[in-house]
Amino acid sequence: MTLYHGSNVEVKCPKIRKNLRALDFGAGFYLTSDRKQAERWARTVTKRRASGAAMLNIYQVDKERLSTINVLKFETANAQWLDYVVSNRKEQNFNNPYDLVIGPIANDSTLQVIDDYMDGKYTKEEAVKRLLPQNLTDQYAFLTEKAIERLSFEGSETL
């Protein structure tokens, strides 16, 4: 399976960087199977950091090797996904037992719903109802070194 990481630098040796900000699935190395999403992110990061060049980093991962680590997979932006994302954004998920978390990415179209839910403007049911119609791309959060060891760097492309 091919996964992509958008950045402003080439990332041959991924590392888990402790949160600079609260992320959907916690501190980790994030990838997606959606090439266009990774390209958009590379351009965003490069612009935000005002350095480097938009870079698409490409990795391979053997699905069989993922069966030997602790994986949590969310098929959709459901109530369990929402609870997990909110706990990470509030930095309350300190004892995360997972090596890899896979699920929808909270993007610009969902952030307001999540923020409104966190502020108590929506019930969980209303928030999920608003999230489900979104066509969300996936994200793979490699949260441990054990998980990162399953990645094989294939190369990078300057965008």
# chains A, B, ... in the order shown; residues from 1 in each chain; ligands from 1
$ select_by_dssp --residues "region 66-121 of chain A" --states "alpha helix (DSSP H)" --output "PyMOL selection string"
chain A and resi 66+79-89+108-118
$ select_by_dssp --residues "region 38-87 of chain A" --states "strand (DSSP E or B)" --output "number ranges by chain"
A: 55-61, 71-73
$ write_last_selection --atoms "all heavy atoms" --output "PDB file, in the first residue's frame"
ATOM      1  N   MET A  55       6.982  19.308  -0.796  1.00  0.00           N
ATOM      2  CA  MET A  55       7.571  18.001  -1.054  1.00  0.00           C
ATOM      3  C   MET A  55       6.553  16.900  -0.748  1.00  0.00           C
ATOM      4  O   MET A  55       5.959  16.878   0.330  1.00  0.00           O
ATOM      5  CB  MET A  55       8.796  17.833  -0.155  1.00  0.00           C
ATOM      6  CG  MET A  55       9.635  16.634  -0.425  1.00  0.00           C
ATOM      7  SD  MET A  55      10.718  16.807  -1.838  1.00  0.00           S
ATOM      8  CE  MET A  55      11.684  18.237  -1.424  1.00  0.00           C
ATOM      9  N   LEU A  56       6.397  16.004  -1.707  1.00  0.00           N
ATOM     10  CA  LEU A  56       5.556  14.825  -1.514  1.00  0.00           C
ATOM     11  C   LEU A  56       6.474  13.661  -1.192  1.00  0.00           C
ATOM     12  O   LEU A  56       7.285  13.250  -2.029  1.00  0.00           O
ATOM     13  CB  LEU A  56       4.742  14.535  -2.777  1.00  0.00           C
ATOM     14  CG  LEU A  56       3.805  13.339  -2.684  1.00  0.00           C
ATOM     15  CD1 LEU A  56       2.640  13.656  -1.736  1.00  0.00           C
ATOM     16  CD2 LEU A  56       3.282  12.966  -4.060  1.00  0.00           C
ATOM     17  N   ASN A  57       6.374  13.147   0.038  1.00  0.00           N
ATOM     18  CA  ASN A  57       7.159  11.993   0.476  1.00  0.00           C
ATOM     19  C   ASN A  57       6.307  10.746   0.292  1.00  0.00           C
ATOM     20  O   ASN A  57       5.132  10.733   0.665  1.00  0.00           O
ATOM     21  CB  ASN A  57       7.560  12.160   1.937  1.00  0.00           C
ATOM     22  CG  ASN A  57       8.531  13.307   2.116  1.00  0.00           C
ATOM     23  OD1 ASN A  57       9.708  13.157   1.872  1.00  0.00           O
ATOM     24  ND2 ASN A  57       8.024  14.465   2.527  1.00  0.00           N
ATOM     25  N   ILE A  58       6.903   9.710  -0.281  1.00  0.00           N
ATOM     26  CA  ILE A  58       6.158   8.508  -0.656  1.00  0.00           C
ATOM     27  C   ILE A  58       6.707   7.308   0.115  1.00  0.00           C
ATOM     28  O   ILE A  58       7.925   7.097   0.177  1.00  0.00           O
ATOM     29  CB  ILE A  58       6.273   8.266  -2.174  1.00  0.00           C
ATOM     30  CG1 ILE A  58       5.816   9.525  -2.928  1.00  0.00           C
ATOM     31  CG2 ILE A  58       5.469   7.035  -2.590  1.00  0.00           C
ATOM     32  CD1 ILE A  58       6.234   9.568  -4.381  1.00  0.00           C
ATOM     33  N   TYR A  59       5.795   6.533   0.675  1.00  0.00           N
ATOM     34  CA  TYR A  59       6.154   5.374   1.500  1.00  0.00           C
ATOM     35  C   TYR A  59       5.339   4.164   1.062  1.00  0.00           C
ATOM     36  O   TYR A  59       4.228   4.287   0.544  1.00  0.00           O
ATOM     37  CB  TYR A  59       5.842   5.641   2.982  1.00  0.00           C
ATOM     38  CG  TYR A  59       6.549   6.851   3.504  1.00  0.00           C
ATOM     39  CD1 TYR A  59       5.983   8.114   3.361  1.00  0.00           C
ATOM     40  CD2 TYR A  59       7.788   6.753   4.127  1.00  0.00           C
ATOM     41  CE1 TYR A  59       6.640   9.246   3.810  1.00  0.00           C
ATOM     42  CE2 TYR A  59       8.449   7.873   4.590  1.00  0.00           C
ATOM     43  CZ  TYR A  59       7.870   9.125   4.427  1.00  0.00           C
ATOM     44  OH  TYR A  59       8.520  10.238   4.874  1.00  0.00           O
ATOM     45  N   GLN A  60       5.884   3.007   1.327  1.00  0.00           N
ATOM     46  CA  GLN A  60       5.169   1.750   1.163  1.00  0.00           C
ATOM     47  C   GLN A  60       5.013   1.128   2.540  1.00  0.00           C
ATOM     48  O   GLN A  60       5.895   1.255   3.396  1.00  0.00           O
ATOM     49  CB  GLN A  60       5.944   0.778   0.257  1.00  0.00           C
ATOM     50  CG  GLN A  60       5.948   1.161  -1.202  1.00  0.00           C
ATOM     51  CD  GLN A  60       4.569   1.127  -1.838  1.00  0.00           C
ATOM     52  OE1 GLN A  60       3.760   0.245  -1.557  1.00  0.00           O
ATOM     53  NE2 GLN A  60       4.288   2.117  -2.673  1.00  0.00           N
ATOM     54  N   VAL A  61       3.893   0.479   2.740  1.00  0.00           N
ATOM     55  CA  VAL A  61       3.674  -0.276   3.966  1.00  0.00           C
ATOM     56  C   VAL A  61       2.995  -1.588   3.584  1.00  0.00           C
ATOM     57  O   VAL A  61       2.084  -1.608   2.752  1.00  0.00           O
ATOM     58  CB  VAL A  61       2.848   0.519   5.013  1.00  0.00           C
ATOM     59  CG1 VAL A  61       1.452   0.813   4.541  1.00  0.00           C
ATOM     60  CG2 VAL A  61       2.818  -0.196   6.345  1.00  0.00           C
ATOM     61  N   VAL A  71      -3.626  -1.627  16.124  1.00  0.00           N
ATOM     62  CA  VAL A  71      -4.214  -0.666  15.188  1.00  0.00           C
ATOM     63  C   VAL A  71      -5.659  -0.364  15.571  1.00  0.00           C
ATOM     64  O   VAL A  71      -6.439  -1.268  15.875  1.00  0.00           O
ATOM     65  CB  VAL A  71      -4.175  -1.214  13.741  1.00  0.00           C
ATOM     66  CG1 VAL A  71      -4.838  -0.240  12.767  1.00  0.00           C
ATOM     67  CG2 VAL A  71      -2.750  -1.526  13.318  1.00  0.00           C
ATOM     68  N   LEU A  72      -5.996   0.906  15.543  1.00  0.00           N
ATOM     69  CA  LEU A  72      -7.379   1.352  15.714  1.00  0.00           C
ATOM     70  C   LEU A  72      -7.803   1.959  14.394  1.00  0.00           C
ATOM     71  O   LEU A  72      -7.112   2.839  13.870  1.00  0.00           O
ATOM     72  CB  LEU A  72      -7.483   2.401  16.828  1.00  0.00           C
ATOM     73  CG  LEU A  72      -8.848   3.063  17.016  1.00  0.00           C
ATOM     74  CD1 LEU A  72      -9.923   2.038  17.401  1.00  0.00           C
ATOM     75  CD2 LEU A  72      -8.751   4.171  18.064  1.00  0.00           C
ATOM     76  N   LYS A  73      -8.918   1.470  13.834  1.00  0.00           N
ATOM     77  CA  LYS A  73      -9.387   1.975  12.544  1.00  0.00           C
ATOM     78  C   LYS A  73     -10.822   2.451  12.653  1.00  0.00           C
ATOM     79  O   LYS A  73     -11.696   1.726  13.111  1.00  0.00           O
ATOM     80  CB  LYS A  73      -9.269   0.901  11.462  1.00  0.00           C
ATOM     81  CG  LYS A  73      -9.641   1.431  10.092  1.00  0.00           C
ATOM     82  CD  LYS A  73      -9.361   0.435   8.998  1.00  0.00           C
ATOM     83  CE  LYS A  73      -9.664   1.060   7.654  1.00  0.00           C
ATOM     84  NZ  LYS A  73      -9.385   0.150   6.550  1.00  0.00           N
TER      85      LYS A  73
END
$ atom_distance --atom1 "CA of Ile16 (chain A)" --atom2 "CA of Ala147 (chain A)"
10.3 Å
$ residues_around --residues "Phe29 (chain A)" --least-positions-apart "5" --cutoff "8 Å" --atoms "only C-alpha atoms" --output "PyMOL selection string"
chain A and resi 14-17+141-143+148
$ write_last_selection --atoms "all heavy atoms" --output "PDB file, in the first residue's frame"
ATOM      1  N   PRO A  14      11.247   9.057   9.131  1.00  0.00           N
ATOM      2  CA  PRO A  14      10.171   9.684   9.920  1.00  0.00           C
ATOM      3  C   PRO A  14      10.421   9.584  11.414  1.00  0.00           C
ATOM      4  O   PRO A  14      10.981   8.603  11.899  1.00  0.00           O
ATOM      5  CB  PRO A  14       8.929   8.876   9.543  1.00  0.00           C
ATOM      6  CG  PRO A  14       9.284   8.123   8.331  1.00  0.00           C
ATOM      7  CD  PRO A  14      10.772   7.955   8.331  1.00  0.00           C
ATOM      8  N   LYS A  15      10.011  10.622  12.107  1.00  0.00           N
ATOM      9  CA  LYS A  15      10.120  10.659  13.567  1.00  0.00           C
ATOM     10  C   LYS A  15       8.779  11.104  14.144  1.00  0.00           C
ATOM     11  O   LYS A  15       8.032  11.839  13.519  1.00  0.00           O
ATOM     12  CB  LYS A  15      11.199  11.651  13.988  1.00  0.00           C
ATOM     13  CG  LYS A  15      12.598  11.218  13.615  1.00  0.00           C
ATOM     14  CD  LYS A  15      13.621  12.185  14.161  1.00  0.00           C
ATOM     15  CE  LYS A  15      15.022  11.739  13.942  1.00  0.00           C
ATOM     16  NZ  LYS A  15      15.468  11.493  12.616  1.00  0.00           N
ATOM     17  N   ILE A  16       8.546  10.659  15.352  1.00  0.00           N
ATOM     18  CA  ILE A  16       7.351  11.105  16.073  1.00  0.00           C
ATOM     19  C   ILE A  16       7.736  12.362  16.824  1.00  0.00           C
ATOM     20  O   ILE A  16       8.604  12.332  17.690  1.00  0.00           O
ATOM     21  CB  ILE A  16       6.849  10.019  17.036  1.00  0.00           C
ATOM     22  CG1 ILE A  16       6.435   8.804  16.233  1.00  0.00           C
ATOM     23  CG2 ILE A  16       5.695  10.556  17.880  1.00  0.00           C
ATOM     24  CD1 ILE A  16       6.160   7.591  17.059  1.00  0.00           C
ATOM     25  N   ARG A  17       7.117  13.446  16.428  1.00  0.00           N
ATOM     26  CA  ARG A  17       7.385  14.714  17.104  1.00  0.00           C
ATOM     27  C   ARG A  17       6.260  14.970  18.083  1.00  0.00           C
ATOM     28  O   ARG A  17       5.098  14.844  17.751  1.00  0.00           O
ATOM     29  CB  ARG A  17       7.478  15.833  16.073  1.00  0.00           C
ATOM     30  CG  ARG A  17       8.647  15.571  15.121  1.00  0.00           C
ATOM     31  CD  ARG A  17       8.763  16.594  14.073  1.00  0.00           C
ATOM     32  NE  ARG A  17       9.028  17.889  14.673  1.00  0.00           N
ATOM     33  CZ  ARG A  17       9.045  19.021  13.993  1.00  0.00           C
ATOM     34  NH1 ARG A  17       8.810  19.007  12.711  1.00  0.00           N
ATOM     35  NH2 ARG A  17       9.301  20.161  14.592  1.00  0.00           N
ATOM     36  N   ALA A 141      -2.072   7.745  11.334  1.00  0.00           N
ATOM     37  CA  ALA A 141      -1.207   8.338  12.348  1.00  0.00           C
ATOM     38  C   ALA A 141      -0.340   7.228  12.947  1.00  0.00           C
ATOM     39  O   ALA A 141      -0.832   6.383  13.701  1.00  0.00           O
ATOM     40  CB  ALA A 141      -2.024   9.025  13.428  1.00  0.00           C
ATOM     41  N   PHE A 142       0.934   7.229  12.593  1.00  0.00           N
ATOM     42  CA  PHE A 142       1.895   6.278  13.132  1.00  0.00           C
ATOM     43  C   PHE A 142       2.381   6.863  14.455  1.00  0.00           C
ATOM     44  O   PHE A 142       3.093   7.864  14.475  1.00  0.00           O
ATOM     45  CB  PHE A 142       3.036   6.063  12.141  1.00  0.00           C
ATOM     46  CG  PHE A 142       2.637   5.239  10.948  1.00  0.00           C
ATOM     47  CD1 PHE A 142       1.812   5.768   9.964  1.00  0.00           C
ATOM     48  CD2 PHE A 142       3.056   3.929  10.829  1.00  0.00           C
ATOM     49  CE1 PHE A 142       1.426   5.002   8.869  1.00  0.00           C
ATOM     50  CE2 PHE A 142       2.672   3.151   9.740  1.00  0.00           C
ATOM     51  CZ  PHE A 142       1.853   3.690   8.753  1.00  0.00           C
ATOM     52  N   LEU A 143       1.954   6.259  15.561  1.00  0.00           N
ATOM     53  CA  LEU A 143       2.129   6.853  16.889  1.00  0.00           C
ATOM     54  C   LEU A 143       3.317   6.303  17.678  1.00  0.00           C
ATOM     55  O   LEU A 143       3.661   6.875  18.711  1.00  0.00           O
ATOM     56  CB  LEU A 143       0.846   6.669  17.711  1.00  0.00           C
ATOM     57  CG  LEU A 143      -0.449   7.191  17.069  1.00  0.00           C
ATOM     58  CD1 LEU A 143      -1.635   6.910  17.979  1.00  0.00           C
ATOM     59  CD2 LEU A 143      -0.335   8.671  16.748  1.00  0.00           C
ATOM     60  N   ILE A 148       6.285   2.981  12.975  1.00  0.00           N
ATOM     61  CA  ILE A 148       7.114   3.629  11.950  1.00  0.00           C
ATOM     62  C   ILE A 148       8.052   2.633  11.286  1.00  0.00           C
ATOM     63  O   ILE A 148       8.342   2.740  10.092  1.00  0.00           O
ATOM     64  CB  ILE A 148       7.875   4.834  12.551  1.00  0.00           C
ATOM     65  CG1 ILE A 148       6.888   5.997  12.731  1.00  0.00           C
ATOM     66  CG2 ILE A 148       9.043   5.260  11.676  1.00  0.00           C
ATOM     67  CD1 ILE A 148       7.461   7.244  13.320  1.00  0.00           C
TER      68      ILE A 148
END
$ atom_distance --atom1 "CA of Glu125 (chain A)" --atom2 "CA of Tyr98 (chain A)"
25.9 Å
$ residues_around --residues "region 35-50 of chain A" --least-positions-apart "6" --cutoff "6 Å" --atoms "only C-alpha atoms" --output "PyMOL selection string"
chain A and resi 4-8
$ closest_residue --among "A:Pro97, A:Ala79, A:Gln139, A:Phe153" --to "Thr123 (chain A)" --atoms "only C-alpha atoms"
A:Ala79
$ closest_residue --among "A:Asp62, A:Glu157, A:Glu145, A:Asp83" --to "Phe25 (chain A)" --atoms "only C-alpha atoms"
A:Asp83
$ closest_residue --among "A:Gly155, A:Leu31, A:Glu64, A:Glu126" --to "Val113 (chain A)" --atoms "only C-alpha atoms"
A:Glu126
$ atom_distance --atom1 "CA of Cys13 (chain A)" --atom2 "CA of Leu136 (chain A)"
27.6 Å
$ residues_around --residues "Pro104 (chain A)" --least-positions-apart "3" --cutoff "8 Å" --atoms "only C-alpha atoms" --output "list in words"
Phe74, Glu75, Thr76, Ala77, Leu136, Thr137, Asp138 and Gln139 of chain A
$ residues_around --residues "Tyr117 (chain A)" --least-positions-apart "5" --cutoff "9 Å" --atoms "only C-alpha atoms" --output "list in words"
Val86, Gln112, Tyr122, Thr123, Lys124, Glu126 and Ala127 of chain A
$ write_last_selection --atoms "all heavy atoms" --output "mmCIF file, in the first residue's frame"
data_model
loop_
_atom_site.group_PDB
_atom_site.id
_atom_site.type_symbol
_atom_site.label_atom_id
_atom_site.label_comp_id
_atom_site.auth_asym_id
_atom_site.auth_seq_id
_atom_site.Cartn_x
_atom_site.Cartn_y
_atom_site.Cartn_z
ATOM 1 N N VAL A 86 -11.796 14.491 19.762
ATOM 2 C CA VAL A 86 -11.970 15.514 20.798
ATOM 3 C C VAL A 86 -11.031 15.265 21.971
ATOM 4 O O VAL A 86 -10.395 16.195 22.482
ATOM 5 C CB VAL A 86 -13.444 15.601 21.253
ATOM 6 C CG1 VAL A 86 -13.588 16.423 22.519
ATOM 7 C CG2 VAL A 86 -14.301 16.195 20.133
ATOM 8 N N GLN A 112 -15.149 23.316 12.082
ATOM 9 C CA GLN A 112 -16.130 24.143 12.772
ATOM 10 C C GLN A 112 -17.135 23.276 13.526
ATOM 11 O O GLN A 112 -17.521 23.605 14.647
ATOM 12 C CB GLN A 112 -16.858 25.074 11.790
ATOM 13 C CG GLN A 112 -17.696 26.127 12.490
ATOM 14 C CD GLN A 112 -16.865 27.020 13.409
ATOM 15 O OE1 GLN A 112 -15.857 27.584 12.992
ATOM 16 N NE2 GLN A 112 -17.253 27.128 14.664
ATOM 17 N N TYR A 122 -23.426 21.799 19.870
ATOM 18 C CA TYR A 122 -24.091 20.641 19.277
ATOM 19 C C TYR A 122 -24.022 19.472 20.251
ATOM 20 O O TYR A 122 -23.034 19.315 20.968
ATOM 21 C CB TYR A 122 -23.392 20.165 17.992
ATOM 22 C CG TYR A 122 -23.419 21.117 16.835
ATOM 23 C CD1 TYR A 122 -22.278 21.326 16.078
ATOM 24 C CD2 TYR A 122 -24.582 21.782 16.463
ATOM 25 C CE1 TYR A 122 -22.278 22.179 14.990
ATOM 26 C CE2 TYR A 122 -24.594 22.647 15.380
ATOM 27 C CZ TYR A 122 -23.438 22.839 14.647
ATOM 28 O OH TYR A 122 -23.447 23.678 13.573
ATOM 29 N N THR A 123 -25.052 18.653 20.223
ATOM 30 C CA THR A 123 -24.970 17.363 20.914
ATOM 31 C C THR A 123 -24.078 16.458 20.060
ATOM 32 O O THR A 123 -23.800 16.767 18.886
ATOM 33 C CB THR A 123 -26.349 16.701 21.045
ATOM 34 O OG1 THR A 123 -26.844 16.417 19.723
ATOM 35 C CG2 THR A 123 -27.333 17.589 21.803
ATOM 36 N N LYS A 124 -23.653 15.351 20.618
ATOM 37 C CA LYS A 124 -22.845 14.407 19.853
ATOM 38 C C LYS A 124 -23.618 13.925 18.626
ATOM 39 O O LYS A 124 -23.073 13.839 17.527
ATOM 40 C CB LYS A 124 -22.441 13.216 20.716
ATOM 41 C CG LYS A 124 -21.478 12.292 20.008
ATOM 42 C CD LYS A 124 -21.145 11.054 20.805
ATOM 43 C CE LYS A 124 -20.506 11.411 22.107
ATOM 44 N NZ LYS A 124 -20.079 10.244 22.869
ATOM 45 N N GLU A 126 -26.001 15.444 16.931
ATOM 46 C CA GLU A 126 -26.097 16.497 15.924
ATOM 47 C C GLU A 126 -24.757 16.675 15.215
ATOM 48 O O GLU A 126 -24.713 16.833 13.993
ATOM 49 C CB GLU A 126 -26.533 17.825 16.558
ATOM 50 C CG GLU A 126 -26.650 18.976 15.589
ATOM 51 C CD GLU A 126 -27.704 18.791 14.513
ATOM 52 O OE1 GLU A 126 -28.677 18.032 14.732
ATOM 53 O OE2 GLU A 126 -27.555 19.403 13.440
ATOM 54 N N ALA A 127 -23.667 16.632 15.951
ATOM 55 C CA ALA A 127 -22.340 16.780 15.345
ATOM 56 C C ALA A 127 -22.078 15.645 14.357
ATOM 57 O O ALA A 127 -21.626 15.882 13.230
ATOM 58 C CB ALA A 127 -21.264 16.819 16.422
#
$ closest_residue --among "A:Lys63, A:Arg150, A:Lys129, A:Lys121" --to "Asp99 (chain A)" --atoms "only C-alpha atoms"
A:Arg150
$ closest_residue --among "A:Ser156, A:Asn96, A:Asn88, A:Thr32" --to "Thr144 (chain A)" --atoms "only C-alpha atoms"
A:Asn96
